[in-house]
$ cat model14.pdb   # PDB, N, CA and C atoms and all ligand atoms
ATOM      1  N   MET N   1     -12.092 115.188  11.213  1.00  0.00           N
ATOM      2  CA  MET N   1     -11.316 114.424  10.233  1.00  0.00           C
ATOM      3  C   MET N   1     -11.720 112.971  10.288  1.00  0.00           C
ATOM      4  N   CYS N   2     -12.237 112.474   9.210  1.00  0.00           N
ATOM      5  CA  CYS N   2     -12.579 111.062   9.152  1.00  0.00           C
ATOM      6  C   CYS N   2     -11.335 110.276   8.750  1.00  0.00           C
ATOM      7  N   ASP N   3     -11.274 109.055   9.214  1.00  0.00           N
ATOM      8  CA  ASP N   3     -10.119 108.218   8.918  1.00  0.00           C
ATOM      9  C   ASP N   3     -10.350 107.388   7.670  1.00  0.00           C
ATOM     10  N   TYR N   4      -9.388 107.412   6.811  1.00  0.00           N
ATOM     11  CA  TYR N   4      -9.459 106.639   5.577  1.00  0.00           C
ATOM     12  C   TYR N   4      -8.265 105.713   5.498  1.00  0.00           C
ATOM     13  N   GLU N   5      -8.429 104.666   4.732  1.00  0.00           N
ATOM     14  CA  GLU N   5      -7.263 103.865   4.398  1.00  0.00           C
ATOM     15  C   GLU N   5      -7.198 103.743   2.893  1.00  0.00           C
ATOM     16  N   GLU N   6      -5.995 103.574   2.418  1.00  0.00           N
ATOM     17  CA  GLU N   6      -5.797 103.527   0.982  1.00  0.00           C
ATOM     18  C   GLU N   6      -5.278 102.155   0.594  1.00  0.00           C
ATOM     19  N   PHE N   7      -5.878 101.596  -0.442  1.00  0.00           N
ATOM     20  CA  PHE N   7      -5.428 100.318  -0.962  1.00  0.00           C
ATOM     21  C   PHE N   7      -4.712 100.591  -2.271  1.00  0.00           C
ATOM     22  N   ILE N   8      -3.481 100.166  -2.349  1.00  0.00           N
ATOM     23  CA  ILE N   8      -2.713 100.385  -3.573  1.00  0.00           C
ATOM     24  C   ILE N   8      -2.551  99.058  -4.296  1.00  0.00           C
ATOM     25  N   TRP N   9      -3.136  99.005  -5.451  1.00  0.00           N
ATOM     26  CA  TRP N   9      -3.146  97.760  -6.231  1.00  0.00           C
ATOM     27  C   TRP N   9      -1.907  97.680  -7.099  1.00  0.00           C
ATOM     28  N   THR N  10      -1.603  96.485  -7.582  1.00  0.00           N
ATOM     29  CA  THR N  10      -0.399  96.299  -8.400  1.00  0.00           C
ATOM     30  C   THR N  10      -0.483  97.036  -9.732  1.00  0.00           C
ATOM     31  N   CYS N  11      -1.676  97.407 -10.155  1.00  0.00           N
ATOM     32  CA  CYS N  11      -1.829  98.147 -11.409  1.00  0.00           C
ATOM     33  C   CYS N  11      -1.635  99.649 -11.171  1.00  0.00           C
ATOM     34  N   GLN N  12      -1.227 100.005  -9.976  1.00  0.00           N
ATOM     35  CA  GLN N  12      -0.967 101.393  -9.581  1.00  0.00           C
ATOM     36  C   GLN N  12      -2.225 102.206  -9.332  1.00  0.00           C
ATOM     37  N   HIS N  13      -3.393 101.585  -9.469  1.00  0.00           N
ATOM     38  CA  HIS N  13      -4.618 102.251  -9.054  1.00  0.00           C
ATOM     39  C   HIS N  13      -4.691 102.191  -7.537  1.00  0.00           C
ATOM     40  N   SER N  14      -5.472 103.081  -6.983  1.00  0.00           N
ATOM     41  CA  SER N  14      -5.653 103.009  -5.539  1.00  0.00           C
ATOM     42  C   SER N  14      -7.090 103.338  -5.190  1.00  0.00           C
ATOM     43  N   ASP N  15      -7.520 102.784  -4.093  1.00  0.00           N
ATOM     44  CA  ASP N  15      -8.877 102.998  -3.598  1.00  0.00           C
ATOM     45  C   ASP N  15      -8.817 103.600  -2.204  1.00  0.00           C
ATOM     46  N   PHE N  16      -9.665 104.550  -1.969  1.00  0.00           N
ATOM     47  CA  PHE N  16      -9.814 105.061  -0.615  1.00  0.00           C
ATOM     48  C   PHE N  16     -11.045 104.442   0.006  1.00  0.00           C
ATOM     49  N   ARG N  17     -10.885 103.974   1.205  1.00  0.00           N
ATOM     50  CA  ARG N  17     -12.055 103.455   1.915  1.00  0.00           C
ATOM     51  C   ARG N  17     -12.164 104.164   3.249  1.00  0.00           C
ATOM     52  N   LEU N  18     -13.358 104.453   3.598  1.00  0.00           N
ATOM     53  CA  LEU N  18     -13.612 105.079   4.887  1.00  0.00           C
ATOM     54  C   LEU N  18     -13.392 104.069   6.004  1.00  0.00           C
ATOM     55  N   LYS N  19     -12.587 104.427   6.948  1.00  0.00           N
ATOM     56  CA  LYS N  19     -12.308 103.523   8.064  1.00  0.00           C
ATOM     57  C   LYS N  19     -13.226 103.846   9.237  1.00  0.00           C
ATOM     58  N   SER N  20     -13.262 105.090   9.598  1.00  0.00           N
ATOM     59  CA  SER N  20     -14.188 105.486  10.660  1.00  0.00           C
ATOM     60  C   SER N  20     -14.525 106.969  10.549  1.00  0.00           C
ATOM     61  N   HIS N  21     -15.749 107.282  10.882  1.00  0.00           N
ATOM     62  CA  HIS N  21     -16.180 108.672  10.883  1.00  0.00           C
ATOM     63  C   HIS N  21     -15.623 109.384  12.108  1.00  0.00           C
ATOM     64  N   CYS N  22     -15.351 110.656  11.940  1.00  0.00           N
ATOM     65  CA  CYS N  22     -14.965 111.445  13.096  1.00  0.00           C
ATOM     66  C   CYS N  22     -16.232 111.874  13.846  1.00  0.00           C
ATOM     67  N   HIS N  23     -16.028 112.527  14.931  1.00  0.00           N
ATOM     68  CA  HIS N  23     -17.118 112.980  15.775  1.00  0.00           C
ATOM     69  C   HIS N  23     -18.135 113.802  15.001  1.00  0.00           C
ATOM     70  N   ARG N  24     -17.630 114.733  14.227  1.00  0.00           N
ATOM     71  CA  ARG N  24     -18.471 115.651  13.481  1.00  0.00           C
ATOM     72  C   ARG N  24     -19.368 114.909  12.484  1.00  0.00           C
ATOM     73  N   ALA N  25     -18.792 113.948  11.775  1.00  0.00           N
ATOM     74  CA  ALA N  25     -19.567 113.184  10.802  1.00  0.00           C
ATOM     75  C   ALA N  25     -20.577 112.285  11.503  1.00  0.00           C
ATOM     76  N   ARG N  26     -20.172 111.725  12.627  1.00  0.00           N
ATOM     77  CA  ARG N  26     -21.081 110.857  13.385  1.00  0.00           C
ATOM     78  C   ARG N  26     -22.310 111.618  13.856  1.00  0.00           C
ATOM     79  N   ASN N  27     -22.121 112.877  14.200  1.00  0.00           N
ATOM     80  CA  ASN N  27     -23.232 113.670  14.706  1.00  0.00           C
ATOM     81  C   ASN N  27     -24.081 114.278  13.608  1.00  0.00           C
ATOM     82  N   ASN N  28     -23.616 114.147  12.375  1.00  0.00           N
ATOM     83  CA  ASN N  28     -24.351 114.688  11.239  1.00  0.00           C
ATOM     84  C   ASN N  28     -25.240 113.596  10.653  1.00  0.00           C
ATOM     85  N   PRO N  29     -26.541 113.905  10.446  1.00  0.00           N
ATOM     86  CA  PRO N  29     -27.466 112.863   9.960  1.00  0.00           C
ATOM     87  C   PRO N  29     -27.009 112.258   8.637  1.00  0.00           C
ATOM     88  N   GLY N  30     -26.399 113.042   7.777  1.00  0.00           N
ATOM     89  CA  GLY N  30     -25.932 112.491   6.496  1.00  0.00           C
ATOM     90  C   GLY N  30     -24.476 112.075   6.556  1.00  0.00           C
ATOM     91  N   HIS N  31     -23.896 112.063   7.742  1.00  0.00           N
ATOM     92  CA  HIS N  31     -22.480 111.744   7.944  1.00  0.00           C
ATOM     93  C   HIS N  31     -21.586 112.610   7.069  1.00  0.00           C
ATOM     94  N   ILE N  32     -21.955 113.875   6.991  1.00  0.00           N
ATOM     95  CA  ILE N  32     -21.183 114.790   6.175  1.00  0.00           C
ATOM     96  C   ILE N  32     -20.115 115.453   7.034  1.00  0.00           C
ATOM     97  N   CYS N  33     -18.952 115.529   6.489  1.00  0.00           N
ATOM     98  CA  CYS N  33     -17.836 116.103   7.223  1.00  0.00           C
ATOM     99  C   CYS N  33     -17.011 116.949   6.270  1.00  0.00           C
ATOM    100  N   ASN N  34     -16.742 118.168   6.634  1.00  0.00           N
ATOM    101  CA  ASN N  34     -15.991 119.062   5.757  1.00  0.00           C
ATOM    102  C   ASN N  34     -14.511 119.107   6.090  1.00  0.00           C
ATOM    103  N   TYR N  35     -14.126 118.380   7.098  1.00  0.00           N
ATOM    104  CA  TYR N  35     -12.709 118.378   7.461  1.00  0.00           C
ATOM    105  C   TYR N  35     -11.921 117.598   6.421  1.00  0.00           C
ATOM    106  N   VAL N  36     -10.628 117.803   6.462  1.00  0.00           N
ATOM    107  CA  VAL N  36      -9.779 117.037   5.536  1.00  0.00           C
ATOM    108  C   VAL N  36      -9.810 115.566   5.920  1.00  0.00           C
ATOM    109  N   LYS N  37      -9.640 114.730   4.919  1.00  0.00           N
ATOM    110  CA  LYS N  37      -9.574 113.294   5.179  1.00  0.00           C
ATOM    111  C   LYS N  37      -8.213 112.959   5.785  1.00  0.00           C
ATOM    112  N   ARG N  38      -8.242 112.080   6.716  1.00  0.00           N
ATOM    113  CA  ARG N  38      -6.993 111.656   7.312  1.00  0.00           C
ATOM    114  C   ARG N  38      -6.707 110.215   6.907  1.00  0.00           C
ATOM    115  N   LEU N  39      -5.552 110.022   6.320  1.00  0.00           N
ATOM    116  CA  LEU N  39      -5.196 108.701   5.839  1.00  0.00           C
ATOM    117  C   LEU N  39      -4.468 107.934   6.931  1.00  0.00           C
ATOM    118  N   ARG N  40      -5.082 106.847   7.373  1.00  0.00           N
ATOM    119  CA  ARG N  40      -4.505 106.097   8.485  1.00  0.00           C
ATOM    120  C   ARG N  40      -3.552 105.006   8.023  1.00  0.00           C
ATOM    121  N   HIS N  41      -3.906 104.344   6.948  1.00  0.00           N
ATOM    122  CA  HIS N  41      -3.081 103.223   6.494  1.00  0.00           C
ATOM    123  C   HIS N  41      -2.976 103.224   4.986  1.00  0.00           C
ATOM    124  N   CYS N  42      -1.853 102.733   4.492  1.00  0.00           N
ATOM    125  CA  CYS N  42      -1.715 102.430   3.077  1.00  0.00           C
ATOM    126  C   CYS N  42      -1.462 100.938   2.986  1.00  0.00           C
ATOM    127  N   TRP N  43      -2.303 100.279   2.273  1.00  0.00           N
ATOM    128  CA  TRP N  43      -2.154  98.831   2.139  1.00  0.00           C
ATOM    129  C   TRP N  43      -1.662  98.512   0.734  1.00  0.00           C
ATOM    130  N   ASP N  44      -0.495  97.900   0.659  1.00  0.00           N
ATOM    131  CA  ASP N  44      -0.022  97.435  -0.641  1.00  0.00           C
ATOM    132  C   ASP N  44      -0.689  96.106  -0.950  1.00  0.00           C
ATOM    133  N   GLN N  45      -1.384  96.060  -2.050  1.00  0.00           N
ATOM    134  CA  GLN N  45      -2.092  94.851  -2.424  1.00  0.00           C
ATOM    135  C   GLN N  45      -1.234  93.996  -3.350  1.00  0.00           C
ATOM    136  N   THR N  46      -1.553  92.712  -3.403  1.00  0.00           N
ATOM    137  CA  THR N  46      -0.751  91.804  -4.230  1.00  0.00           C
ATOM    138  C   THR N  46      -1.432  91.479  -5.546  1.00  0.00           C
ATOM    139  N   ARG N  47      -2.499  92.200  -5.832  1.00  0.00           N
ATOM    140  CA  ARG N  47      -3.175  91.953  -7.112  1.00  0.00           C
ATOM    141  C   ARG N  47      -3.653  93.277  -7.690  1.00  0.00           C
ATOM    142  N   ALA N  48      -4.134  93.187  -8.948  1.00  0.00           N
ATOM    143  CA  ALA N  48      -4.662  94.388  -9.584  1.00  0.00           C
ATOM    144  C   ALA N  48      -6.041  94.704  -9.022  1.00  0.00           C
ATOM    145  N   CYS N  49      -6.503  95.915  -9.247  1.00  0.00           N
ATOM    146  CA  CYS N  49      -7.815  96.298  -8.732  1.00  0.00           C
ATOM    147  C   CYS N  49      -8.918  95.535  -9.462  1.00  0.00           C
ATOM    148  N   ASP N  50     -10.119  95.577  -8.934  1.00  0.00           N
ATOM    149  CA  ASP N  50     -11.234  94.798  -9.492  1.00  0.00           C
ATOM    150  C   ASP N  50     -11.457  95.077 -10.968  1.00  0.00           C
ATOM    151  N   SER N  51     -11.446  96.353 -11.358  1.00  0.00           N
ATOM    152  CA  SER N  51     -11.761  96.660 -12.750  1.00  0.00           C
ATOM    153  C   SER N  51     -10.630  96.199 -13.670  1.00  0.00           C
ATOM    154  N   CYS N  52      -9.379  96.294 -13.213  1.00  0.00           N
ATOM    155  CA  CYS N  52      -8.267  95.802 -14.028  1.00  0.00           C
ATOM    156  C   CYS N  52      -8.293  94.281 -14.116  1.00  0.00           C
ATOM    157  N   GLU N  53      -8.630  93.629 -13.001  1.00  0.00           N
ATOM    158  CA  GLU N  53      -8.745  92.167 -13.017  1.00  0.00           C
ATOM    159  C   GLU N  53      -9.828  91.733 -13.986  1.00  0.00           C
ATOM    160  N   GLU N  54     -10.928  92.475 -13.986  1.00  0.00           N
ATOM    161  CA  GLU N  54     -12.041  92.161 -14.872  1.00  0.00           C
ATOM    162  C   GLU N  54     -11.625  92.366 -16.329  1.00  0.00           C
ATOM    163  N   ASN N  55     -10.914  93.467 -16.606  1.00  0.00           N
ATOM    164  CA  ASN N  55     -10.410  93.717 -17.956  1.00  0.00           C
ATOM    165  C   ASN N  55      -9.500  92.597 -18.422  1.00  0.00           C
ATOM    166  N   GLU N  56      -8.620  92.183 -17.516  1.00  0.00           N
ATOM    167  CA  GLU N  56      -7.669  91.123 -17.839  1.00  0.00           C
ATOM    168  C   GLU N  56      -8.400  89.816 -18.118  1.00  0.00           C
ATOM    169  N   ARG N  57      -9.432  89.553 -17.315  1.00  0.00           N
ATOM    170  CA  ARG N  57     -10.213  88.335 -17.495  1.00  0.00           C
ATOM    171  C   ARG N  57     -10.896  88.335 -18.856  1.00  0.00           C
ATOM    172  N   GLN N  58     -11.468  89.508 -19.214  1.00  0.00           N
ATOM    173  CA  GLN N  58     -12.157  89.610 -20.498  1.00  0.00           C
ATOM    174  C   GLN N  58     -11.179  89.499 -21.660  1.00  0.00           C
ATOM    175  N   ARG N  59      -9.968  90.055 -21.463  1.00  0.00           N
ATOM    176  CA  ARG N  59      -8.954  89.985 -22.511  1.00  0.00           C
ATOM    177  C   ARG N  59      -8.565  88.534 -22.759  1.00  0.00           C
ATOM    178  N   ARG N  60      -8.394  87.789 -21.652  1.00  0.00           N
ATOM    179  CA  ARG N  60      -8.016  86.381 -21.775  1.00  0.00           C
ATOM    180  C   ARG N  60      -9.134  85.581 -22.424  1.00  0.00           C
ATOM    181  N   GLU N  61     -10.366  85.918 -22.081  1.00  0.00           N
ATOM    182  CA  GLU N  61     -11.511  85.212 -22.643  1.00  0.00           C
ATOM    183  C   GLU N  61     -11.594  85.460 -24.147  1.00  0.00           C
ATOM    184  N   ALA N  62     -11.376  86.731 -24.543  1.00  0.00           N
ATOM    185  CA  ALA N  62     -11.412  87.080 -25.961  1.00  0.00           C
ATOM    186  C   ALA N  62     -10.314  86.329 -26.704  1.00  0.00           C
ATOM    187  N   GLU N  63      -9.154  86.183 -26.058  1.00  0.00           N
ATOM    188  CA  GLU N  63      -8.030  85.468 -26.658  1.00  0.00           C
ATOM    189  C   GLU N  63      -8.385  84.007 -26.860  1.00  0.00           C
ATOM    190  N   THR N  64      -9.036  83.426 -25.849  1.00  0.00           N
ATOM    191  CA  THR N  64      -9.448  82.029 -25.929  1.00  0.00           C
ATOM    192  C   THR N  64     -10.423  81.825 -27.076  1.00  0.00           C
ATOM    193  N   HIS N  65     -11.358  82.751 -27.214  1.00  0.00           N
ATOM    194  CA  HIS N  65     -12.319  82.670 -28.311  1.00  0.00           C
ATOM    195  C   HIS N  65     -11.613  82.796 -29.650  1.00  0.00           C
ATOM    196  N   ALA N  66     -10.653  83.702 -29.736  1.00  0.00           N
ATOM    197  CA  ALA N  66      -9.921  83.903 -30.982  1.00  0.00           C
ATOM    198  C   ALA N  66      -9.163  82.637 -31.346  1.00  0.00           C
ATOM    199  N   MET N  67      -8.547  81.992 -30.341  1.00  0.00           N
ATOM    200  CA  MET N  67      -7.824  80.751 -30.585  1.00  0.00           C
ATOM    201  C   MET N  67      -8.781  79.653 -31.039  1.00  0.00           C
ATOM    202  N   ALA N  68      -9.918  79.566 -30.399  1.00  0.00           N
ATOM    203  CA  ALA N  68     -10.909  78.546 -30.746  1.00  0.00           C
ATOM    204  C   ALA N  68     -11.369  78.739 -32.184  1.00  0.00           C
ATOM    205  N   ALA N  69     -11.579  80.011 -32.552  1.00  0.00           N
ATOM    206  CA  ALA N  69     -12.007  80.307 -33.920  1.00  0.00           C
ATOM    207  C   ALA N  69     -10.905  79.943 -34.898  1.00  0.00           C
ATOM    208  N   TRP N  70      -9.669  80.206 -34.507  1.00  0.00           N
ATOM    209  CA  TRP N  70      -8.538  79.897 -35.374  1.00  0.00           C
ATOM    210  C   TRP N  70      -8.417  78.396 -35.574  1.00  0.00           C
ATOM    211  N   TYR N  71      -8.552  77.628 -34.490  1.00  0.00           N
ATOM    212  CA  TYR N  71      -8.483  76.171 -34.585  1.00  0.00           C
ATOM    213  C   TYR N  71      -9.605  75.643 -35.459  1.00  0.00           C
ATOM    214  N   ALA N  72     -10.800  76.242 -35.300  1.00  0.00           N
ATOM    215  CA  ALA N  72     -11.958  75.789 -36.051  1.00  0.00           C
ATOM    216  C   ALA N  72     -11.741  76.010 -37.547  1.00  0.00           C
ATOM    217  N   SER N  73     -11.046  77.073 -37.902  1.00  0.00           N
ATOM    218  CA  SER N  73     -10.852  77.369 -39.314  1.00  0.00           C
ATOM    219  C   SER N  73      -9.567  76.723 -39.861  1.00  0.00           C
ATOM    220  N   ASN N  74      -8.770  76.148 -38.955  1.00  0.00           N
ATOM    221  CA  ASN N  74      -7.549  75.461 -39.390  1.00  0.00           C
ATOM    222  C   ASN N  74      -7.492  74.054 -38.784  1.00  0.00           C
ATOM    223  N   PRO N  75      -8.373  73.184 -39.230  1.00  0.00           N
ATOM    224  CA  PRO N  75      -8.490  71.871 -38.573  1.00  0.00           C
ATOM    225  C   PRO N  75      -7.198  71.057 -38.665  1.00  0.00           C
ATOM    226  N   GLY N  76      -6.394  71.286 -39.667  1.00  0.00           N
ATOM    227  CA  GLY N  76      -5.177  70.485 -39.822  1.00  0.00           C
ATOM    228  C   GLY N  76      -4.060  70.864 -38.882  1.00  0.00           C
ATOM    229  N   HIS N  77      -4.168  71.987 -38.245  1.00  0.00           N
ATOM    230  CA  HIS N  77      -3.056  72.479 -37.424  1.00  0.00           C
ATOM    231  C   HIS N  77      -3.252  72.243 -35.950  1.00  0.00           C
ATOM    232  N   ARG N  78      -4.209  71.422 -35.602  1.00  0.00           N
ATOM    233  CA  ARG N  78      -4.519  71.287 -34.196  1.00  0.00           C
ATOM    234  C   ARG N  78      -3.355  70.633 -33.437  1.00  0.00           C
TER     235      ARG N  78
HETATM  236 ZN    ZN T   1     -14.464 113.798   9.510  1.00  0.00          ZN
HETATM  237 ZN    ZN T   2      -6.487  99.005 -11.790  1.00  0.00          ZN
END

$ encode --input "model14.pdb" --output "structure tokens" --more "lines below"
Ligand SMILES: [Zn+2]
Ligand SMILES: [Zn+2]
Amino acid sequence: MCDYEEFIWTCQHSDFRLKSHCHRARNNPGHICNYVKRLRHCWDQTRACDSCEENERQRREAETHAMAAWYASNPGHR
């Protein structure tokens, strides 16, 4: 059983990361292990996962561009 930890992001996504290989995986050249994964820790994160953060960043950027375009086409309303 290899040890895993789980990261739970604020967007409710979660990531599994390998913490340490068990004996069997360590002795296998490809670190292959057929045993069940053992979850050692659950970490509650204080932010969204990378892909959600990236989506949010792009959404905000698109909004900024939309606002800039709006200002450009409405010079009197600045
Ligand atoms: Zn294992
Ligand atoms: Zn996410």

$ select_by_dssp --input "model14.pdb" --residues "chain N" --states "strand (DSSP E)" --output "list of chain:residue names"
N:Asp3, N:Tyr4, N:Glu5, N:Glu6, N:Phe7, N:Ile8, N:Ser14, N:Asp15, N:Phe16, N:Arg17, N:Leu18, N:Lys19, N:Ser20, N:Arg38, N:Leu39, N:Arg40, N:His41, N:Cys42, N:Trp43, N:Asp44

$ residues_near_ligand --input "model14.pdb" --ligand "ligand ZN 2 (chain T)" --cutoff "6 Å" --atoms "only N, CA and C atoms and all ligand atoms" --output "short mmCIF file (atom, residue, chain, number, x, y, z; two decimals) with N, CA and C atoms, in the coordinates of the input"
data_model
loop_
_atom_site.label_atom_id
_atom_site.label_comp_id
_atom_site.auth_asym_id
_atom_site.auth_seq_id
_atom_site.Cartn_x
_atom_site.Cartn_y
_atom_site.Cartn_z
N CYS N 11 -1.68 97.41 -10.15
CA CYS N 11 -1.83 98.15 -11.41
C CYS N 11 -1.64 99.65 -11.17
N GLN N 12 -1.23 100.00 -9.98
CA GLN N 12 -0.97 101.39 -9.58
C GLN N 12 -2.22 102.21 -9.33
N HIS N 13 -3.39 101.58 -9.47
CA HIS N 13 -4.62 102.25 -9.05
C HIS N 13 -4.69 102.19 -7.54
N ALA N 48 -4.13 93.19 -8.95
CA ALA N 48 -4.66 94.39 -9.58
C ALA N 48 -6.04 94.70 -9.02
N CYS N 49 -6.50 95.92 -9.25
CA CYS N 49 -7.82 96.30 -8.73
C CYS N 49 -8.92 95.54 -9.46
N ASP N 50 -10.12 95.58 -8.93
CA ASP N 50 -11.23 94.80 -9.49
C ASP N 50 -11.46 95.08 -10.97
N SER N 51 -11.45 96.35 -11.36
CA SER N 51 -11.76 96.66 -12.75
C SER N 51 -10.63 96.20 -13.67
N CYS N 52 -9.38 96.29 -13.21
CA CYS N 52 -8.27 95.80 -14.03
C CYS N 52 -8.29 94.28 -14.12
N GLU N 53 -8.63 93.63 -13.00
CA GLU N 53 -8.74 92.17 -13.02
C GLU N 53 -9.83 91.73 -13.99
#

$ atom_distance --input "model14.pdb" --atom1 "atom CA of N:Arg26" --atom2 "atom CA of N:Cys2"
9.5 Å

$ resolve_selection --input "model14.pdb" --expression "the PyMOL selection byres (((not hetatm)) within 6.5 of (chain T and resi 1))" --output "ChimeraX atom specification"
/N:1-3,21-25,32-36

$ atom_distance --input "model14.pdb" --atom1 "atom CA of N:Cys42" --atom2 "atom N of N:Gly30"
27.3 Å

$ resolve_selection --input "model14.pdb" --expression "the PyMOL selection byres (((chain N and resi 46) around 7) and not hetatm)" --output "JSON, numbers by chain"
{"N": [8, 9, 10, 44, 45, 47, 48]}

$ write_last_selection --input "model14.pdb" --atoms "N, CA and C atoms" --output "JSON list (two decimals), in the coordinates of the input"
[["chain", "number", "residue", "atom", "x", "y", "z"],
["N", 8, "ILE", "N", -3.48, 100.17, -2.35],
["N", 8, "ILE", "CA", -2.71, 100.38, -3.57],
["N", 8, "ILE", "C", -2.55, 99.06, -4.30],
["N", 9, "TRP", "N", -3.14, 99.00, -5.45],
["N", 9, "TRP", "CA", -3.15, 97.76, -6.23],
["N", 9, "TRP", "C", -1.91, 97.68, -7.10],
["N", 10, "THR", "N", -1.60, 96.48, -7.58],
["N", 10, "THR", "CA", -0.40, 96.30, -8.40],
["N", 10, "THR", "C", -0.48, 97.04, -9.73],
["N", 44, "ASP", "N", -0.50, 97.90, 0.66],
["N", 44, "ASP", "CA", -0.02, 97.44, -0.64],
["N", 44, "ASP", "C", -0.69, 96.11, -0.95],
["N", 45, "GLN", "N", -1.38, 96.06, -2.05],
["N", 45, "GLN", "CA", -2.09, 94.85, -2.42],
["N", 45, "GLN", "C", -1.23, 94.00, -3.35],
["N", 47, "ARG", "N", -2.50, 92.20, -5.83],
["N", 47, "ARG", "CA", -3.18, 91.95, -7.11],
["N", 47, "ARG", "C", -3.65, 93.28, -7.69],
["N", 48, "ALA", "N", -4.13, 93.19, -8.95],
["N", 48, "ALA", "CA", -4.66, 94.39, -9.58],
["N", 48, "ALA", "C", -6.04, 94.70, -9.02]]

$ atom_distance --input "model14.pdb" --atom1 "atom CA of N:Tyr4" --atom2 "atom CA of N:Arg38"
5.9 Å

$ select_by_dssp --input "model14.pdb" --residues "chain N" --states "alpha helix (DSSP H)" --output "CSV table (one decimal) with N, CA and C atoms, in the coordinates of the input"
chain,number,residue,atom,x,y,z
N,23,HIS,N,-16.0,112.5,14.9
N,23,HIS,CA,-17.1,113.0,15.8
N,23,HIS,C,-18.1,113.8,15.0
N,24,ARG,N,-17.6,114.7,14.2
N,24,ARG,CA,-18.5,115.7,13.5
N,24,ARG,C,-19.4,114.9,12.5
N,25,ALA,N,-18.8,113.9,11.8
N,25,ALA,CA,-19.6,113.2,10.8
N,25,ALA,C,-20.6,112.3,11.5
N,26,ARG,N,-20.2,111.7,12.6
N,26,ARG,CA,-21.1,110.9,13.4
N,26,ARG,C,-22.3,111.6,13.9
N,27,ASN,N,-22.1,112.9,14.2
N,27,ASN,CA,-23.2,113.7,14.7
N,27,ASN,C,-24.1,114.3,13.6
N,50,ASP,N,-10.1,95.6,-8.9
N,50,ASP,CA,-11.2,94.8,-9.5
N,50,ASP,C,-11.5,95.1,-11.0
N,51,SER,N,-11.4,96.4,-11.4
N,51,SER,CA,-11.8,96.7,-12.8
N,51,SER,C,-10.6,96.2,-13.7
N,52,CYS,N,-9.4,96.3,-13.2
N,52,CYS,CA,-8.3,95.8,-14.0
N,52,CYS,C,-8.3,94.3,-14.1
N,53,GLU,N,-8.6,93.6,-13.0
N,53,GLU,CA,-8.7,92.2,-13.0
N,53,GLU,C,-9.8,91.7,-14.0
N,54,GLU,N,-10.9,92.5,-14.0
N,54,GLU,CA,-12.0,92.2,-14.9
N,54,GLU,C,-11.6,92.4,-16.3
N,55,ASN,N,-10.9,93.5,-16.6
N,55,ASN,CA,-10.4,93.7,-18.0
N,55,ASN,C,-9.5,92.6,-18.4
N,56,GLU,N,-8.6,92.2,-17.5
N,56,GLU,CA,-7.7,91.1,-17.8
N,56,GLU,C,-8.4,89.8,-18.1
N,57,ARG,N,-9.4,89.6,-17.3
N,57,ARG,CA,-10.2,88.3,-17.5
N,57,ARG,C,-10.9,88.3,-18.9
N,58,GLN,N,-11.5,89.5,-19.2
N,58,GLN,CA,-12.2,89.6,-20.5
N,58,GLN,C,-11.2,89.5,-21.7
N,59,ARG,N,-10.0,90.1,-21.5
N,59,ARG,CA,-9.0,90.0,-22.5
N,59,ARG,C,-8.6,88.5,-22.8
N,60,ARG,N,-8.4,87.8,-21.7
N,60,ARG,CA,-8.0,86.4,-21.8
N,60,ARG,C,-9.1,85.6,-22.4
N,61,GLU,N,-10.4,85.9,-22.1
N,61,GLU,CA,-11.5,85.2,-22.6
N,61,GLU,C,-11.6,85.5,-24.1
N,62,ALA,N,-11.4,86.7,-24.5
N,62,ALA,CA,-11.4,87.1,-26.0
N,62,ALA,C,-10.3,86.3,-26.7
N,63,GLU,N,-9.2,86.2,-26.1
N,63,GLU,CA,-8.0,85.5,-26.7
N,63,GLU,C,-8.4,84.0,-26.9
N,64,THR,N,-9.0,83.4,-25.8
N,64,THR,CA,-9.4,82.0,-25.9
N,64,THR,C,-10.4,81.8,-27.1
N,65,HIS,N,-11.4,82.8,-27.2
N,65,HIS,CA,-12.3,82.7,-28.3
N,65,HIS,C,-11.6,82.8,-29.6
N,66,ALA,N,-10.7,83.7,-29.7
N,66,ALA,CA,-9.9,83.9,-31.0
N,66,ALA,C,-9.2,82.6,-31.3
N,67,MET,N,-8.5,82.0,-30.3
N,67,MET,CA,-7.8,80.8,-30.6
N,67,MET,C,-8.8,79.7,-31.0
N,68,ALA,N,-9.9,79.6,-30.4
N,68,ALA,CA,-10.9,78.5,-30.7
N,68,ALA,C,-11.4,78.7,-32.2
N,69,ALA,N,-11.6,80.0,-32.6
N,69,ALA,CA,-12.0,80.3,-33.9
N,69,ALA,C,-10.9,79.9,-34.9
N,70,TRP,N,-9.7,80.2,-34.5
N,70,TRP,CA,-8.5,79.9,-35.4
N,70,TRP,C,-8.4,78.4,-35.6
N,71,TYR,N,-8.6,77.6,-34.5
N,71,TYR,CA,-8.5,76.2,-34.6
N,71,TYR,C,-9.6,75.6,-35.5
N,72,ALA,N,-10.8,76.2,-35.3
N,72,ALA,CA,-12.0,75.8,-36.1
N,72,ALA,C,-11.7,76.0,-37.5
N,73,SER,N,-11.0,77.1,-37.9
N,73,SER,CA,-10.9,77.4,-39.3
N,73,SER,C,-9.6,76.7,-39.9

$ resolve_selection --input "model14.pdb" --expression "the PyMOL selection byres (((chain N and resi 18) around 6) and not hetatm)" --output "ChimeraX atom specification"
/N:3-5,16-17,19-20
